[in-house]
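**Q** You'll find query_18.txt just under this line, and it carries compact mmCIF, C-alpha atoms and all ligand atoms.
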```txt
# COMPACT_ATOMS: atom_id res chain seq x y z
CA MET Z 910 7.46 -26.11 11.90
CA LYS Z 911 5.10 -23.27 12.73
CA THR Z 912 5.04 -20.29 10.36
CA ILE Z 913 5.43 -16.90 11.98
CA TYR Z 914 4.08 -14.61 9.28
CA LEU Z 915 5.52 -11.10 9.57
CA ASP Z 916 5.22 -10.07 5.94
CA ASN Z 917 1.73 -8.59 5.91
CA ASN Z 918 2.75 -5.57 3.83
CA ALA Z 919 3.53 -8.05 1.04
CA THR Z 920 0.22 -9.85 1.37
CA THR Z 921 -2.21 -10.96 4.07
CA ALA Z 922 -4.08 -14.14 4.95
CA VAL Z 923 -7.63 -14.29 3.64
CA ALA Z 924 -9.89 -13.81 6.69
CA PRO Z 925 -12.14 -16.83 7.40
CA GLU Z 926 -15.19 -14.53 7.27
CA VAL Z 927 -14.09 -13.36 3.81
CA LEU Z 928 -13.69 -16.91 2.54
CA SER Z 929 -17.15 -17.91 3.84
CA ALA Z 930 -18.73 -14.88 2.20
CA MET Z 931 -17.09 -15.73 -1.14
CA LEU Z 932 -17.79 -19.46 -1.37
CA PRO Z 933 -21.44 -19.31 -2.55
CA TYR Z 934 -20.34 -17.09 -5.46
CA LEU Z 935 -17.75 -19.67 -6.52
CA GLY Z 936 -20.49 -22.31 -6.39
CA GLN Z 937 -24.20 -22.12 -7.01
CA LEU Z 938 -24.46 -18.31 -7.29
CA TYR Z 939 -22.59 -18.00 -10.57
CA GLY Z 940 -24.93 -15.63 -12.45
CA ASN Z 941 -23.78 -12.54 -14.31
CA PRO Z 942 -24.69 -9.42 -12.31
CA SER Z 943 -25.61 -7.59 -15.55
CA SER Z 944 -28.24 -10.19 -16.57
CA MET Z 945 -31.93 -9.26 -16.69
CA HIS Z 946 -33.06 -12.46 -14.92
CA SER Z 947 -33.35 -12.78 -11.18
CA PHE Z 948 -30.66 -15.49 -11.04
CA GLY Z 949 -28.14 -12.86 -12.12
CA GLY Z 950 -29.98 -10.15 -10.21
CA GLN Z 951 -29.30 -11.72 -6.81
CA VAL Z 952 -25.60 -11.71 -7.68
CA GLY Z 953 -25.88 -8.07 -8.68
CA GLU Z 954 -27.29 -7.33 -5.23
CA ALA Z 955 -24.21 -8.89 -3.63
CA VAL Z 956 -21.98 -6.63 -5.74
CA ASP Z 957 -24.05 -3.62 -4.62
CA THR Z 958 -23.63 -4.62 -0.97
CA ALA Z 959 -19.86 -4.98 -1.40
CA ARG Z 960 -19.71 -1.56 -3.03
CA GLU Z 961 -21.57 -0.09 -0.04
CA GLN Z 962 -19.21 -1.85 2.39
CA VAL Z 963 -16.11 -0.45 0.68
CA ALA Z 964 -17.70 3.01 0.46
CA ALA Z 965 -18.52 2.92 4.19
CA LEU Z 966 -14.90 2.12 5.06
CA LEU Z 967 -13.68 5.14 3.09
CA GLY Z 968 -16.46 7.62 3.82
CA ALA Z 969 -17.31 7.58 0.11
CA SER Z 970 -20.52 7.17 -1.84
CA PRO Z 971 -21.04 3.71 -3.47
CA ASP Z 972 -21.09 5.13 -6.99
CA GLU Z 973 -17.58 6.52 -6.41
CA ILE Z 974 -16.22 2.97 -6.03
CA ILE Z 975 -14.82 1.26 -9.14
CA PHE Z 976 -13.78 -2.38 -8.76
CA THR Z 977 -10.49 -3.22 -10.51
CA SER Z 978 -8.20 -6.23 -10.60
CA CYS Z 979 -5.54 -4.92 -8.19
CA GLY Z 980 -3.85 -1.89 -6.68
CA SER Z 981 -1.54 -1.62 -9.68
CA GLU Z 982 -4.48 -1.36 -12.09
CA SER Z 983 -6.06 1.32 -9.90
CA ASP Z 984 -2.80 3.33 -9.90
CA ASN Z 985 -2.36 2.97 -13.67
CA THR Z 986 -5.98 4.01 -14.25
CA ALA Z 987 -5.76 7.10 -12.04
CA ILE Z 988 -2.68 8.40 -13.84
CA TRP Z 989 -4.05 7.46 -17.27
CA SER Z 990 -7.37 9.18 -16.62
CA ALA Z 991 -5.77 12.40 -15.39
CA ILE Z 992 -3.53 12.57 -18.45
CA GLN Z 993 -6.23 11.69 -20.98
CA THR Z 994 -8.78 14.16 -19.64
CA GLN Z 995 -6.26 17.05 -19.55
CA PRO Z 996 -4.15 16.74 -22.72
CA GLU Z 997 -3.17 20.39 -22.42
CA LYS Z 998 -1.24 19.74 -19.17
CA HIS Z 999 2.19 18.12 -19.31
CA HIS Z 1000 3.42 17.97 -15.74
CA LEU Z 1001 3.03 15.30 -13.05
CA ILE Z 1002 4.17 15.24 -9.41
CA THR Z 1003 5.02 12.18 -7.36
CA THR Z 1004 7.66 11.10 -4.83
CA ARG Z 1005 10.89 9.12 -4.97
CA VAL Z 1006 9.48 6.61 -2.50
CA GLU Z 1007 6.36 5.39 -4.35
CA HIS Z 1008 5.65 1.75 -5.06
CA PRO Z 1009 6.69 0.67 -8.58
CA ALA Z 1010 2.95 0.61 -9.45
CA VAL Z 1011 3.21 4.43 -9.53
CA LEU Z 1012 6.94 5.01 -10.05
CA ASN Z 1013 7.27 2.87 -13.18
CA VAL Z 1014 4.10 4.35 -14.66
CA MET Z 1015 5.44 7.86 -14.09
CA GLN Z 1016 8.70 6.86 -15.78
CA TYR Z 1017 6.67 5.53 -18.72
CA TRP Z 1018 4.84 8.85 -19.07
CA GLU Z 1019 8.17 10.67 -18.82
CA ARG Z 1020 9.37 8.68 -21.84
CA GLU Z 1021 6.10 9.69 -23.55
CA GLY Z 1022 7.06 13.34 -23.20
CA ARG Z 1023 5.54 14.36 -19.85
CA HIS Z 1024 7.62 16.20 -17.25
CA VAL Z 1025 7.64 14.52 -13.85
CA THR Z 1026 8.74 16.02 -10.51
CA TYR Z 1027 9.91 13.34 -8.07
CA LEU Z 1028 9.77 14.85 -4.56
CA GLY Z 1029 12.63 13.88 -2.28
CA VAL Z 1030 12.49 12.79 1.37
CA ASP Z 1031 14.66 13.41 4.42
CA GLY Z 1032 16.48 10.80 6.52
CA LYS Z 1033 13.23 9.71 8.15
CA GLY Z 1034 11.38 9.52 4.85
CA ARG Z 1035 9.48 12.80 5.34
CA LEU Z 1036 8.44 15.00 2.40
CA ASP Z 1037 9.25 18.70 2.15
CA LEU Z 1038 6.04 20.72 1.70
CA ASP Z 1039 7.96 23.75 0.41
CA GLU Z 1040 9.44 21.68 -2.40
CA TYR Z 1041 5.91 20.45 -3.14
CA ALA Z 1042 4.40 23.97 -3.14
CA GLU Z 1043 7.07 25.09 -5.59
CA ALA Z 1044 6.45 22.14 -7.90
CA LEU Z 1045 2.65 22.69 -8.20
CA SER Z 1046 1.84 24.66 -11.32
CA GLU Z 1047 -0.88 25.48 -13.84
CA ASP Z 1048 0.63 22.78 -16.05
CA THR Z 1049 0.30 20.00 -13.41
CA ALA Z 1050 -2.17 17.34 -14.56
CA LEU Z 1051 -1.92 15.17 -11.45
CA VAL Z 1052 -0.26 14.78 -8.07
CA SER Z 1053 0.10 11.13 -7.06
CA ILE Z 1054 1.43 10.56 -3.54
CA MET Z 1055 1.14 7.40 -1.50
CA PHE Z 1056 -0.83 7.57 1.75
CA ALA Z 1057 1.66 5.37 3.56
CA ASN Z 1058 4.91 3.76 2.54
CA ASN Z 1059 5.01 0.00 2.06
CA GLU Z 1060 8.64 -0.40 3.18
CA VAL Z 1061 9.03 1.83 6.22
CA GLY Z 1062 5.37 2.55 7.02
CA ASP Z 1063 5.69 6.36 7.04
CA ILE Z 1064 2.35 8.15 6.72
CA TYR Z 1065 2.46 11.24 4.48
CA PRO Z 1066 0.57 14.53 5.05
CA ILE Z 1067 -2.10 13.73 2.47
CA GLN Z 1068 -4.73 16.05 3.98
CA LYS Z 1069 -2.44 19.08 3.65
CA MET Z 1070 -1.03 18.09 0.26
CA ALA Z 1071 -4.46 17.39 -1.22
CA GLU Z 1072 -5.72 20.76 0.06
CA MET Z 1073 -2.76 22.50 -1.56
CA ALA Z 1074 -3.47 20.76 -4.87
CA ARG Z 1075 -7.15 21.63 -4.72
CA GLU Z 1076 -6.34 25.32 -4.11
CA ARG Z 1077 -4.34 25.25 -7.33
CA GLY Z 1078 -7.04 23.33 -9.23
CA VAL Z 1079 -4.80 20.26 -9.59
CA LEU Z 1080 -6.13 16.67 -9.44
CA PHE Z 1081 -4.83 14.59 -6.51
CA HIS Z 1082 -4.48 10.80 -6.39
CA THR Z 1083 -3.27 8.78 -3.41
CA ASP Z 1084 -2.07 5.19 -3.48
CA ALA Z 1085 -3.59 4.09 -0.18
CA VAL Z 1086 -2.88 0.38 -0.72
CA GLN Z 1087 -0.91 0.13 2.54
CA ALA Z 1088 -2.99 2.59 4.53
CA VAL Z 1089 -6.55 1.32 4.06
CA GLY Z 1090 -7.67 -0.75 7.01
CA LYS Z 1091 -4.64 0.27 9.09
CA THR Z 1092 -5.26 3.98 9.56
CA PRO Z 1093 -8.56 5.90 9.39
CA ILE Z 1094 -9.41 7.49 6.04
CA ASP Z 1095 -12.50 9.63 5.65
CA LEU Z 1096 -13.02 10.93 2.13
CA ARG Z 1097 -15.72 13.32 3.38
CA GLN Z 1098 -12.89 15.29 5.01
CA LEU Z 1099 -10.02 14.46 2.69
CA PRO Z 1100 -10.06 16.39 -0.61
CA VAL Z 1101 -8.43 13.69 -2.77
CA ASP Z 1102 -9.92 13.05 -6.21
CA MET Z 1103 -8.78 9.45 -6.62
CA LEU Z 1104 -7.61 6.73 -4.22
CA SER Z 1105 -6.30 3.21 -4.86
CA LEU Z 1106 -6.67 0.19 -2.60
CA SER Z 1107 -5.91 -3.50 -2.93
CA GLY Z 1108 -7.84 -6.45 -1.49
CA HIS Z 1109 -4.91 -8.68 -0.64
CA LYS Z 1110 -3.47 -6.16 1.82
CA ILE Z 1111 -6.65 -6.20 3.91
CA HIS Z 1112 -7.37 -9.94 4.23
CA ALA Z 1113 -9.27 -10.35 0.93
CA PRO Z 1114 -7.73 -12.41 -1.90
CA LYS Z 1115 -5.15 -11.30 -4.45
CA GLY Z 1116 -6.59 -10.03 -7.73
CA ILE Z 1117 -9.15 -7.50 -6.58
CA GLY Z 1118 -8.75 -3.76 -6.04
CA VAL Z 1119 -10.65 -0.50 -6.02
CA LEU Z 1120 -10.21 2.90 -7.53
CA TYR Z 1121 -12.21 5.60 -5.80
CA ALA Z 1122 -13.05 8.43 -8.21
CA ARG Z 1123 -14.73 11.49 -6.74
CA LYS Z 1124 -18.24 12.19 -8.04
CA GLY Z 1125 -18.34 14.76 -10.82
CA MET Z 1126 -14.70 14.48 -11.88
CA ARG Z 1127 -13.85 13.88 -15.51
CA PHE Z 1128 -12.82 10.25 -15.96
CA ARG Z 1129 -11.42 8.12 -18.80
CA PRO Z 1130 -11.42 4.32 -18.46
CA PHE Z 1131 -8.14 2.45 -18.77
CA LEU Z 1132 -9.87 -0.80 -19.76
CA ARG Z 1133 -12.46 -0.27 -22.48
CA GLY Z 1134 -15.25 -2.62 -23.55
CA GLY Z 1135 -18.55 -3.35 -21.84
CA HIS Z 1136 -20.38 -0.86 -19.67
CA GLN Z 1137 -19.63 -2.42 -16.30
CA GLU Z 1138 -18.79 -0.12 -13.38
CA ARG Z 1139 -20.84 2.66 -15.05
CA GLY Z 1140 -18.60 2.58 -18.08
CA ARG Z 1141 -15.49 3.24 -16.02
CA ARG Z 1142 -13.95 -0.26 -16.10
CA ALA Z 1143 -14.92 -2.92 -18.64
CA GLY Z 1144 -15.04 -6.64 -17.88
CA THR Z 1145 -17.64 -8.90 -16.26
CA GLU Z 1146 -17.41 -8.29 -12.53
CA ASN Z 1147 -15.23 -10.68 -10.50
CA VAL Z 1148 -18.16 -11.35 -8.21
CA PRO Z 1149 -16.65 -13.74 -5.60
CA TYR Z 1150 -13.63 -11.47 -5.10
CA ILE Z 1151 -15.77 -8.34 -4.97
CA VAL Z 1152 -17.96 -9.97 -2.31
CA GLY Z 1153 -14.78 -10.99 -0.43
CA LEU Z 1154 -13.40 -7.47 -0.59
CA GLY Z 1155 -16.71 -6.12 0.69
CA MET Z 1156 -16.51 -8.41 3.72
CA ALA Z 1157 -12.84 -7.48 4.29
CA ALA Z 1158 -13.82 -3.79 4.19
CA LYS Z 1159 -16.63 -4.42 6.67
CA LEU Z 1160 -14.24 -6.18 9.07
CA ALA Z 1161 -11.77 -3.30 8.76
CA HIS Z 1162 -14.55 -0.78 9.33
CA ASP Z 1163 -15.91 -2.58 12.40
CA PHE Z 1164 -12.63 -3.56 14.09
CA MET Z 1165 -9.87 -1.22 12.86
CA GLN Z 1166 -9.78 0.98 15.93
CA GLU Z 1167 -9.20 -1.86 18.39
CA GLU Z 1168 -6.93 -3.79 16.02
CA ARG Z 1169 -4.70 -0.76 15.42
CA VAL Z 1170 -4.02 -0.48 19.13
CA LYS Z 1171 -3.38 -4.19 19.60
CA VAL Z 1172 -1.13 -4.47 16.55
CA ALA Z 1173 0.88 -1.35 17.46
CA LEU Z 1174 1.48 -2.69 20.98
CA LEU Z 1175 2.83 -5.96 19.59
CA ARG Z 1176 4.92 -4.16 16.97
CA ASP Z 1177 6.41 -1.86 19.62
CA LYS Z 1178 7.19 -4.79 21.87
CA LEU Z 1179 8.88 -6.62 19.02
CA GLU Z 1180 10.85 -3.59 17.90
CA ALA Z 1181 11.95 -2.52 21.38
CA GLY Z 1182 12.92 -6.11 22.18
CA LEU Z 1183 15.12 -6.40 19.09
CA LEU Z 1184 16.78 -3.02 19.66
CA GLU Z 1185 17.51 -4.03 23.25
CA ARG Z 1186 18.93 -7.46 22.41
CA ILE Z 1187 20.93 -6.65 19.27
CA PRO Z 1188 23.76 -4.09 19.15
CA ASP Z 1189 24.28 -1.72 16.22
CA CYS Z 1190 20.81 -1.56 14.77
CA MET Z 1191 18.33 1.26 14.21
CA VAL Z 1192 14.76 1.80 13.03
CA ASN Z 1193 14.29 3.17 9.50
CA GLY Z 1194 11.53 5.73 8.92
CA ASP Z 1195 9.50 8.15 10.97
CA VAL Z 1196 8.69 6.34 14.23
CA GLU Z 1197 6.40 9.17 15.31
CA ASN Z 1198 4.20 8.90 12.28
CA ARG Z 1199 3.90 5.48 10.69
CA LEU Z 1200 1.53 2.57 10.18
CA PRO Z 1201 0.80 0.63 13.38
CA ASN Z 1202 1.88 -2.72 11.89
CA THR Z 1203 5.23 -1.89 10.27
CA SER Z 1204 8.77 -1.95 11.61
CA ASN Z 1205 11.79 -1.59 9.35
CA ILE Z 1206 15.03 -2.25 11.21
CA ALA Z 1207 18.56 -1.82 9.85
CA PHE Z 1208 21.25 -4.14 11.20
CA LYS Z 1209 24.74 -2.77 10.65
CA ASN Z 1210 27.15 -4.83 8.54
CA VAL Z 1211 24.92 -7.78 7.66
CA GLU Z 1212 23.18 -8.70 4.40
CA GLY Z 1213 19.39 -8.39 4.54
CA GLU Z 1214 18.99 -11.36 2.20
CA ALA Z 1215 21.13 -13.55 4.45
CA ILE Z 1216 19.01 -12.54 7.44
CA LEU Z 1217 15.84 -13.48 5.55
CA LEU Z 1218 17.22 -16.89 4.57
CA MET Z 1219 18.15 -17.69 8.15
CA LEU Z 1220 14.81 -16.42 9.47
CA ASP Z 1221 13.08 -18.59 6.88
CA ARG Z 1222 14.82 -21.67 8.30
CA LEU Z 1223 13.29 -20.74 11.65
CA GLY Z 1224 9.83 -20.42 10.07
CA ILE Z 1225 9.83 -16.61 10.26
CA CYS Z 1226 8.61 -14.76 7.13
CA ALA Z 1227 9.92 -11.22 6.70
CA SER Z 1228 11.09 -9.02 3.88
CA SER Z 1229 14.28 -7.08 3.18
CA GLY Z 1230 15.02 -3.56 2.04
CA SER Z 1231 17.29 -4.68 -0.75
CA ALA Z 1232 16.56 -6.32 -4.06
CA CYS Z 1233 18.95 -8.76 -5.65
CA THR Z 1234 19.23 -7.33 -9.14
CA SER Z 1235 21.78 -8.79 -11.54
CA GLY Z 1236 24.00 -10.08 -8.78
CA SER Z 1237 24.50 -6.74 -7.02
CA LEU Z 1238 22.60 -6.27 -3.79
CA GLU Z 1239 21.25 -2.76 -4.25
CA PRO Z 1240 19.44 -1.26 -1.27
CA SER Z 1241 15.81 -0.39 -2.08
CA HIS Z 1242 14.95 2.90 -3.78
CA VAL Z 1243 13.13 3.97 -0.62
CA LEU Z 1244 16.13 3.51 1.68
CA ARG Z 1245 18.40 5.13 -0.93
CA ALA Z 1246 16.06 8.14 -1.21
CA MET Z 1247 16.20 8.43 2.60
CA GLY Z 1248 19.99 8.37 2.51
CA VAL Z 1249 20.25 5.43 4.92
CA PRO Z 1250 24.00 4.67 5.19
CA PHE Z 1251 25.07 1.83 2.89
CA ASN Z 1252 26.21 -0.55 5.66
CA TYR Z 1253 22.82 -0.16 7.37
CA ALA Z 1254 20.59 -0.08 4.28
CA HIS Z 1255 21.99 -3.46 3.21
CA GLY Z 1256 20.94 -5.09 6.43
CA SER Z 1257 17.41 -3.69 6.56
CA VAL Z 1258 14.54 -6.01 7.36
CA ARG Z 1259 10.83 -5.19 7.28
CA LEU Z 1260 8.59 -6.89 9.82
CA SER Z 1261 4.90 -6.27 9.18
CA LEU Z 1262 2.21 -7.57 11.53
CA SER Z 1263 -1.53 -8.15 11.21
CA ARG Z 1264 -4.60 -8.81 13.35
CA TYR Z 1265 -3.49 -12.46 13.42
CA THR Z 1266 -0.05 -11.81 14.96
CA THR Z 1267 0.16 -13.13 18.53
CA GLU Z 1268 2.21 -12.54 21.70
CA ASP Z 1269 3.71 -16.00 21.14
CA ASP Z 1270 4.85 -15.01 17.65
CA VAL Z 1271 6.63 -11.97 19.08
CA ALA Z 1272 8.22 -14.01 21.87
CA TYR Z 1273 9.50 -16.60 19.37
CA VAL Z 1274 11.05 -13.91 17.16
CA LEU Z 1275 12.67 -12.17 20.12
CA GLU Z 1276 14.15 -15.46 21.24
CA ASN Z 1277 15.56 -16.42 17.86
CA PHE Z 1278 16.37 -13.23 15.92
CA PRO Z 1279 19.41 -12.11 17.97
CA GLY Z 1280 21.18 -15.44 17.28
CA VAL Z 1281 20.71 -14.92 13.53
CA ILE Z 1282 22.44 -11.55 13.58
CA GLU Z 1283 25.20 -12.83 15.86
CA THR Z 1284 25.91 -15.79 13.54
CA LEU Z 1285 25.93 -13.62 10.43
CA ARG Z 1286 28.14 -10.95 11.95
CA ALA Z 1287 30.64 -13.62 12.99
CA ILE Z 1288 31.08 -14.64 9.34
CA SER Z 1289 30.46 -11.19 7.79
CA PRO Z 1290 33.08 -9.93 5.31
CA PHE Z 1291 32.25 -6.41 6.56
CA LYS Z 1292 34.46 -5.07 9.30
CA ASN Z 1293 32.50 -4.91 12.56
N1 LIG U 1 0.95 0.28 -3.97
C1 LIG U 1 1.54 -0.07 -2.82
C2 LIG U 1 1.93 0.98 -1.83
C3 LIG U 1 1.79 -1.42 -2.55
O1 LIG U 1 2.37 -1.77 -1.41
C4 LIG U 1 1.39 -2.39 -3.51
C5 LIG U 1 1.67 -3.82 -3.30
O2 LIG U 1 2.64 -4.19 -2.65
C6 LIG U 1 0.75 -1.96 -4.68
C7 LIG U 1 0.55 -0.61 -4.89
C8 LIG U 1 0.31 -2.91 -5.74
O3 LIG U 1 -0.86 -3.58 -5.35
P1 LIG U 1 -1.31 -4.91 -6.12
O4 LIG U 1 -0.37 -5.98 -5.65
O5 LIG U 1 -2.71 -5.17 -5.69
O6 LIG U 1 -1.19 -4.63 -7.57
```
Hey, can you dump this file as structure tokens for me?
**A**
Amino acid sequence: MKTIYLDNNATTAVAPEVLSAMLPYLGQLYGNPSSMHSFGGQVGEAVDTAREQVAALLGASPDEIIFTSCGSESDNTAIWSAIQTQPEKHHLITTRVEHPAVLNVMQYWEREGRHVTYLGVDGKGRLDLDEYAEALSEDTALVSIMFANNEVGDIYPIQKMAEMARERGVLFHTDAVQAVGKTPIDLRQLPVDMLSLSGHKIHAPKGIGVLYARKGMRFRPFLRGGHQERGRRAGTENVPYIVGLGMAAKLAHDFMQEERVKVALLRDKLEAGLLERIPDCMVNGDVENRLPNTSNIAFKNVEGEAILLMLDRLGICASSGSACTSGSLEPSHVLRAMGVPFNYAHGSVRLSLSRYTTEDDVAYVLENFPGVIETLRAISPFKN
């Protein structure tokens, strides 16, 4: 059975160009980039090139790029660094709709005695800038707000929010794990101090990430040890993965504009087709302002998990807006923060496309998805 992969916000396929770029560094080019000899030196040059490729994608300077092991490490490091360099400040600002890589870290720091403001969202997932302006204070060590939401795809007003933080002299971090490669980001125009990205969301492998740290800012490493990454992240560089991420960044830089348009057209076709064929469903999130590849659709009175299981039998990979925790199917924190009605939130499914999604994939899903909902509604314990 063919796999129709519509779970690209969870992870993406490694691009063939990325794999080819990596292979020599898993084979004969195994030197340590920090070595004095030329065997290691040539590997060091590959790391430099990758750093330049990532910097070019973001409009950053190469020495502002710190390679990490994943998006989660980048998020942890950003928050850690802001707190450690400003021990006199005790307040942090984030949102209720962050990924656990930020949310759980904030909750940790709350237990450690910091005060955290969790900004709320409206029914479409939009933030309230007045609430944000009120929360910013002299005591705020860091604002950490995601660039785009992994579940519903909403894009947040990072330009405006970062400007407001800068006016108040407050550090600003954005978790751009879902946004990089899908929407343009130019750090020459965007006054954020730190930005996280993750390789496996942009067709590089899992286990490689980046933290951008603006030149001149005070920084404290999270991982201490050797002097790699200019003393900002210890550990011998993961050369093959860094090279792979560099190639993935180059592909995103060169082709993002055309891919965005193509992917959004397919996503819109898929979404409109489902809304037309299936009664009692609605789109979650801000359809006017979201990532081009993401569609989160709520089907009234059906279990998201049941939908996923049936889609899986048809070879369709998707993701749901609920998490099965200790037997109770709780809707996700994002949908709860948005106030999506219970009987819709439960039946929410995220479909996320990529450059590899085809017209045939969309046609197959449109042909088969309506039958899944019909079957489940026929046996649903909910009253339809
Ligand atoms: N932040 C967001 C918005 C994400 O979607 C993810 C992964 O799903 C992460 C952080 C964590 O990234 P990683 O899996 O590389 O640790």
**Q** Would you name the residues within 6 Å of ligand LIG 1 (chain U), counting all atoms listed in the file, and put them as a PDB file with C-alpha atoms, keeping the file's coordinate frame?
**A**
```
ATOM      1  CA  ALA Z 919       3.530  -8.050   1.040  1.00  0.00           C
ATOM      2  CA  CYS Z 979      -5.540  -4.920  -8.190  1.00  0.00           C
ATOM      3  CA  GLY Z 980      -3.850  -1.890  -6.680  1.00  0.00           C
ATOM      4  CA  SER Z 981      -1.540  -1.620  -9.680  1.00  0.00           C
ATOM      5  CA  HIS Z1008       5.650   1.750  -5.060  1.00  0.00           C
ATOM      6  CA  ALA Z1010       2.950   0.610  -9.450  1.00  0.00           C
ATOM      7  CA  ASN Z1058       4.910   3.760   2.540  1.00  0.00           C
ATOM      8  CA  ASN Z1059       5.010   0.000   2.060  1.00  0.00           C
ATOM      9  CA  ASP Z1084      -2.070   5.190  -3.480  1.00  0.00           C
ATOM     10  CA  VAL Z1086      -2.880   0.380  -0.720  1.00  0.00           C
ATOM     11  CA  GLN Z1087      -0.910   0.130   2.540  1.00  0.00           C
ATOM     12  CA  SER Z1107      -5.910  -3.500  -2.930  1.00  0.00           C
TER      13      SER Z1107
END
```
**Q** Restricting the calculation to all atoms listed in the file, which member of Z:Met1191, Z:Ala959, Z:Ala1157, Z:Val1152 is positioned closest to Leu938 (chain Z)?
**A**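 Among the listed residues, the smallest separation from Leu938 (chain Z) belongs to Z:Val1152.
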**Q** When you draw a straight line from CA of Phe1056 (chain Z) to CA of Ser1261 (chain Z), how long is it in Å?
**A**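 Between these atoms lies a distance of 16.7 Å.
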**Q** Mind working out the centre and edge lengths of an axis-aligned box for region 1205-1210 of chain Z, all listed atoms inside, 6 Å added to each side, rounded to one decimal in Å and written as JSON?
**A**
```
{"center_x": 19.5, "center_y": -3.2, "center_z": 9.9, "size_x": 27.4, "size_y": 15.2, "size_z": 14.7}
```
**Q** When you count all atoms listed in the file, which of these residues is closest to Met1247 (chain Z): Z:Gln1166, Z:Thr1004, Z:Ser1105, Z:Thr1203?
**A**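 Going through Z:Gln1166, Z:Thr1004, Z:Ser1105, Z:Thr1203 one by one, the smallest distance to Met1247 (chain Z) is for Z:Thr1004.
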**Q** Hey, can you check how far CA of Gly1213 (chain Z) sits from CA of Ala1254 (chain Z)?
**A**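 Interatomic distance here is 8.4 Å.
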**Q** Please, which residues in region 1156-1274 of chain Z fall within 12 Å of region 1026-1029 of chain Z when counting all atoms listed in the file, and what is the closest atom pair and distance in Å to one decimal for each, ordered by chain then residue number, as JSON lines?
**A**
```
{"residue": "Z:His1242", "atom": "CA", "partner": "Z:Gly1029", "partner_atom": "CA", "distance": 11.3}
{"residue": "Z:Val1243", "atom": "CA", "partner": "Z:Gly1029", "partner_atom": "CA", "distance": 10.1}
{"residue": "Z:Leu1244", "atom": "CA", "partner": "Z:Gly1029", "partner_atom": "CA", "distance": 11.6}
{"residue": "Z:Arg1245", "atom": "CA", "partner": "Z:Gly1029", "partner_atom": "CA", "distance": 10.6}
{"residue": "Z:Ala1246", "atom": "CA", "partner": "Z:Gly1029", "partner_atom": "CA", "distance": 6.8}
{"residue": "Z:Met1247", "atom": "CA", "partner": "Z:Gly1029", "partner_atom": "CA", "distance": 8.1}
{"residue": "Z:Gly1248", "atom": "CA", "partner": "Z:Gly1029", "partner_atom": "CA", "distance": 10.4}
```
**Q** Set the distance at 8 Å and use only C-alpha atoms: which residues neighbour Ala1207 (chain Z) once local chain neighbours fewer than 3 positions away are removed? I'd like the list as a list of chain:residue names.
**A**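 Listed by chain and then number, they are Z:Cys1190, Z:Met1191, Z:Val1192, Z:Asn1193, Z:Tyr1253, Z:Ala1254, Z:His1255, Z:Gly1256, Z:Ser1257, Z:Val1258.
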**Q** So that I can see what lies close to Gly1116 (chain Z), please list as an MDAnalysis selection string the residues with an atom at most 8 Å from it, counting all atoms listed in the file and leaving out residues fewer than 3 positions away in the same chain.
**A** chainID Z and resid 978:979 1108:1109 1150
**Q** Using all atoms listed in the file, pick whichever of Z:Arg1264, Z:Arg1142, Z:Arg1222, Z:Arg1123 has the shortest atom-to-atom distance to Thr977 (chain Z).
**A**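 So, comparing all the options, the nearest one is Z:Arg1142.
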**Q** To one decimal in Å, tell me the separation between CA of Asn1277 (chain Z) and CA of Leu1220 (chain Z).
**A**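 Atom-to-atom, CA of Asn1277 (chain Z) to CA of Leu1220 (chain Z), that is 8.4 Å.
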**Q** So which residues touch Pro942 (chain Z) within 12 Å, counting all atoms listed in the file, skipping near sequence neighbours fewer than 5 positions away, as a PyMOL selection string?
**A** chain Z and resi 934+947-957+1137-1138+1144-1149+1151
**Q** Check the smallest atom-to-atom distance from each of Z:Arg1199, Z:Arg1186, Z:Arg1133, Z:Arg1035 to Val1281 (chain Z) using all atoms listed in the file, then report the winner.
**A**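 Ranked by minimum distance to Val1281 (chain Z), first place goes to Z:Arg1186.
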**Q** Please reconstruct the missing atoms of region 1276-1282 of chain Z (target: N, CA and C atoms) and return them as a PDB file, in the coordinates of the input.
**A**
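Output (part_34.pdb):
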```pdb
ATOM      1  N   GLU Z1276      13.242 -14.416  20.753  1.00  0.00           N
ATOM      2  CA  GLU Z1276      14.150 -15.460  21.240  1.00  0.00           C
ATOM      3  C   GLU Z1276      15.161 -15.861  20.158  1.00  0.00           C
ATOM      4  N   ASN Z1277      14.721 -15.856  18.920  1.00  0.00           N
ATOM      5  CA  ASN Z1277      15.560 -16.420  17.860  1.00  0.00           C
ATOM      6  C   ASN Z1277      16.312 -15.412  16.985  1.00  0.00           C
ATOM      7  N   PHE Z1278      15.778 -14.211  16.844  1.00  0.00           N
ATOM      8  CA  PHE Z1278      16.370 -13.230  15.920  1.00  0.00           C
ATOM      9  C   PHE Z1278      17.807 -12.835  16.326  1.00  0.00           C
ATOM     10  N   PRO Z1279      18.060 -12.546  17.609  1.00  0.00           N
ATOM     11  CA  PRO Z1279      19.410 -12.110  17.970  1.00  0.00           C
ATOM     12  C   PRO Z1279      20.499 -13.101  17.552  1.00  0.00           C
ATOM     13  N   GLY Z1280      20.214 -14.407  17.666  1.00  0.00           N
ATOM     14  CA  GLY Z1280      21.180 -15.440  17.280  1.00  0.00           C
ATOM     15  C   GLY Z1280      21.504 -15.374  15.785  1.00  0.00           C
ATOM     16  N   VAL Z1281      20.504 -15.021  14.982  1.00  0.00           N
ATOM     17  CA  VAL Z1281      20.710 -14.920  13.530  1.00  0.00           C
ATOM     18  C   VAL Z1281      21.721 -13.817  13.223  1.00  0.00           C
ATOM     19  N   ILE Z1282      21.538 -12.676  13.844  1.00  0.00           N
ATOM     20  CA  ILE Z1282      22.440 -11.550  13.580  1.00  0.00           C
ATOM     21  C   ILE Z1282      23.848 -11.867  14.108  1.00  0.00           C
TER      22      ILE Z1282
END
```
